[in-house]
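Since the structure comes first, as structure tokens, the remarks are kept for the end.
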Amino acid sequence: MNTRPQRLSIGVVAPLTGRLASLGKPLSYVLRRLAPRLTHIRNGTRRYDVSVAVRDSRSDPGAAQRAVRDLVAVDGAHIVLTMAGTRVLPAVADACEASQIACVSTTFPWQAYVHARGVHPGHRFQWTYHFAWGLDDIATVFAHMWEGISGRRSVGCLWNDDLQGSLLRHETYGFGPVASARGHTLVDLGTYREPAHDFRAQVDRMREHGADLVTSAATASDLALFHRQAREAGLRPRLITCSRWLTYPHTHTTSAPAIHTELADARVATLVYWSPDHPYRSSLDGTTCTDLAHAYQQDTGAPWLQPLGLAHALLETAHHALTTAIDPTDRTAVAQALAGATLTTIAGTLDWTRGPTPNTALLPLVGGQWHPSPRGPRLAIVTNTGSPDIPLTGELLSARQHG
């Protein structure tokens, strides 16, 4: 009688090359770190050998879709994992839906995930699942920080003319409803195209409306240009909240020291979805957030990045789906296991049965700010309203407090 274990394959689409390559490094590291624990799994009384196949998205939507097709046709994947990329991530998810294979993705607000795929909230995908946070969650965290600086005020919005900007402006899902409910007035400083070359019109509008707080989703270079031109015009925002830069600034600081210098004293605050101070453990091996961040720094010589925890949670989710599916060799069964999944991960508890829209699980979100320390920038958690289990590790500082 042949008792040889059946084989399963986990497919991964990662940005190994191209403009998003720096964000692919945490996922590549987690794959190497967890490889021994993913070699074999048990589902009930059955034992399976597991292989992990990684395909490069090349930071390009078309290449990412081809990667999915290769994972299915060549590598025989039973589930696909991916993260990073405003256009790349939705391309992977759409390709998985078309190829009828379960997909788990992260690092993208759920509203953007839905709208980028051409559907509306409430749509139920059959094969694709996502975990992250919402634009409304970002707005709530940022509003707490604005209020910590100067109460309820006018806030200048530096938003581009692309998908991010249009969603942030959305009357239902954007920043407006949250800000208005808390007594803030949002002032749209005007659209711009990335990369920007001149923000003087936006600076003039900021002066016109007396906005000394700014919120943005700008790139590092654009944010630095805006800050410099505001200073040249005699304006100094008391606080800039940015949901795109400073969530992982180390991908910029070594290659763009001028940008880092320009923003070093701007007191930019950001969202925090994972850090070494988060109180969670891996469902696979009990690794804590502190353990994972320390190991990454020791093994790579590079500072930890927020996507590190989410990359680890992706692998935990895949392991959970394959070990709980009625038949892990059947792709439909794997997708059904994800639909009913609730699991505790190193990024927090993921519950796909209670998401704000079908196929989505929410991550806790808190507010942070990078503070100087003898060992380099330290991400301090400065507001945790709504997630009190995540400890505060610093105070929110405004630009005027240091000269």
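Ligands are numbered from 1 in the order shown, residues from 1 within each chain, and chains are lettered A, B, ... in the order they appear in the structure tokens.
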- In range 204-337 of chain A, DSSP alpha helix (DSSP H) residues written as a ChimeraX atom specification: /A:204-209,220-232,250-253,257-263,289-300,307-324,331-337
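Residues with any atom within 12 Å of Ser387 in chain A, counting only C-alpha atoms and excluding same-chain neighbours fewer than 6 positions away, are Asp137, Thr140, Val141, Val272, Tyr273, His278, Pro279, Gly348, Leu363, Pro364, Leu365, Val366, Gly367 and Ile381 of chain A.
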- Please give the complete set of residues from range 10-185 of chain A that DSSP, run on the backbone, assigns to strand (DSSP E), formatted as number ranges by chain. A: 10-14, 40-43, 46-56, 79-83, 102-106, 128-132, 154-158, 185
Could I get the residues of range 265-322 of chain A with an atom no further than 12 Å from an atom of range 230-247 of chain A, each paired with its nearest atom pair and that distance in Å to one decimal, using only C-alpha atoms, sorted by chain and residue number, as JSON lines?
```
{"residue": "A:Asp265", "atom": "CA", "partner": "A:Leu239", "partner_atom": "CA", "distance": 10.3}
{"residue": "A:Ala266", "atom": "CA", "partner": "A:Leu239", "partner_atom": "CA", "distance": 7.2}
{"residue": "A:Arg267", "atom": "CA", "partner": "A:Leu239", "partner_atom": "CA", "distance": 6.0}
{"residue": "A:Val268", "atom": "CA", "partner": "A:Ile240", "partner_atom": "CA", "distance": 4.7}
{"residue": "A:Ala269", "atom": "CA", "partner": "A:Thr241", "partner_atom": "CA", "distance": 4.7}
{"residue": "A:Thr270", "atom": "CA", "partner": "A:Cys242", "partner_atom": "CA", "distance": 5.2}
{"residue": "A:Leu271", "atom": "CA", "partner": "A:Ser243", "partner_atom": "CA", "distance": 5.9}
{"residue": "A:Val272", "atom": "CA", "partner": "A:Thr247", "partner_atom": "CA", "distance": 6.8}
{"residue": "A:Tyr273", "atom": "CA", "partner": "A:Thr247", "partner_atom": "CA", "distance": 8.6}
{"residue": "A:Trp274", "atom": "CA", "partner": "A:Thr247", "partner_atom": "CA", "distance": 9.5}
{"residue": "A:Ser275", "atom": "CA", "partner": "A:Thr247", "partner_atom": "CA", "distance": 10.2}
{"residue": "A:Trp304", "atom": "CA", "partner": "A:Thr247", "partner_atom": "CA", "distance": 11.0}
{"residue": "A:Leu305", "atom": "CA", "partner": "A:Thr247", "partner_atom": "CA", "distance": 7.9}
{"residue": "A:Gln306", "atom": "CA", "partner": "A:Thr247", "partner_atom": "CA", "distance": 6.6}
{"residue": "A:Pro307", "atom": "CA", "partner": "A:Thr247", "partner_atom": "CA", "distance": 8.9}
{"residue": "A:Leu308", "atom": "CA", "partner": "A:Thr247", "partner_atom": "CA", "distance": 11.6}
```
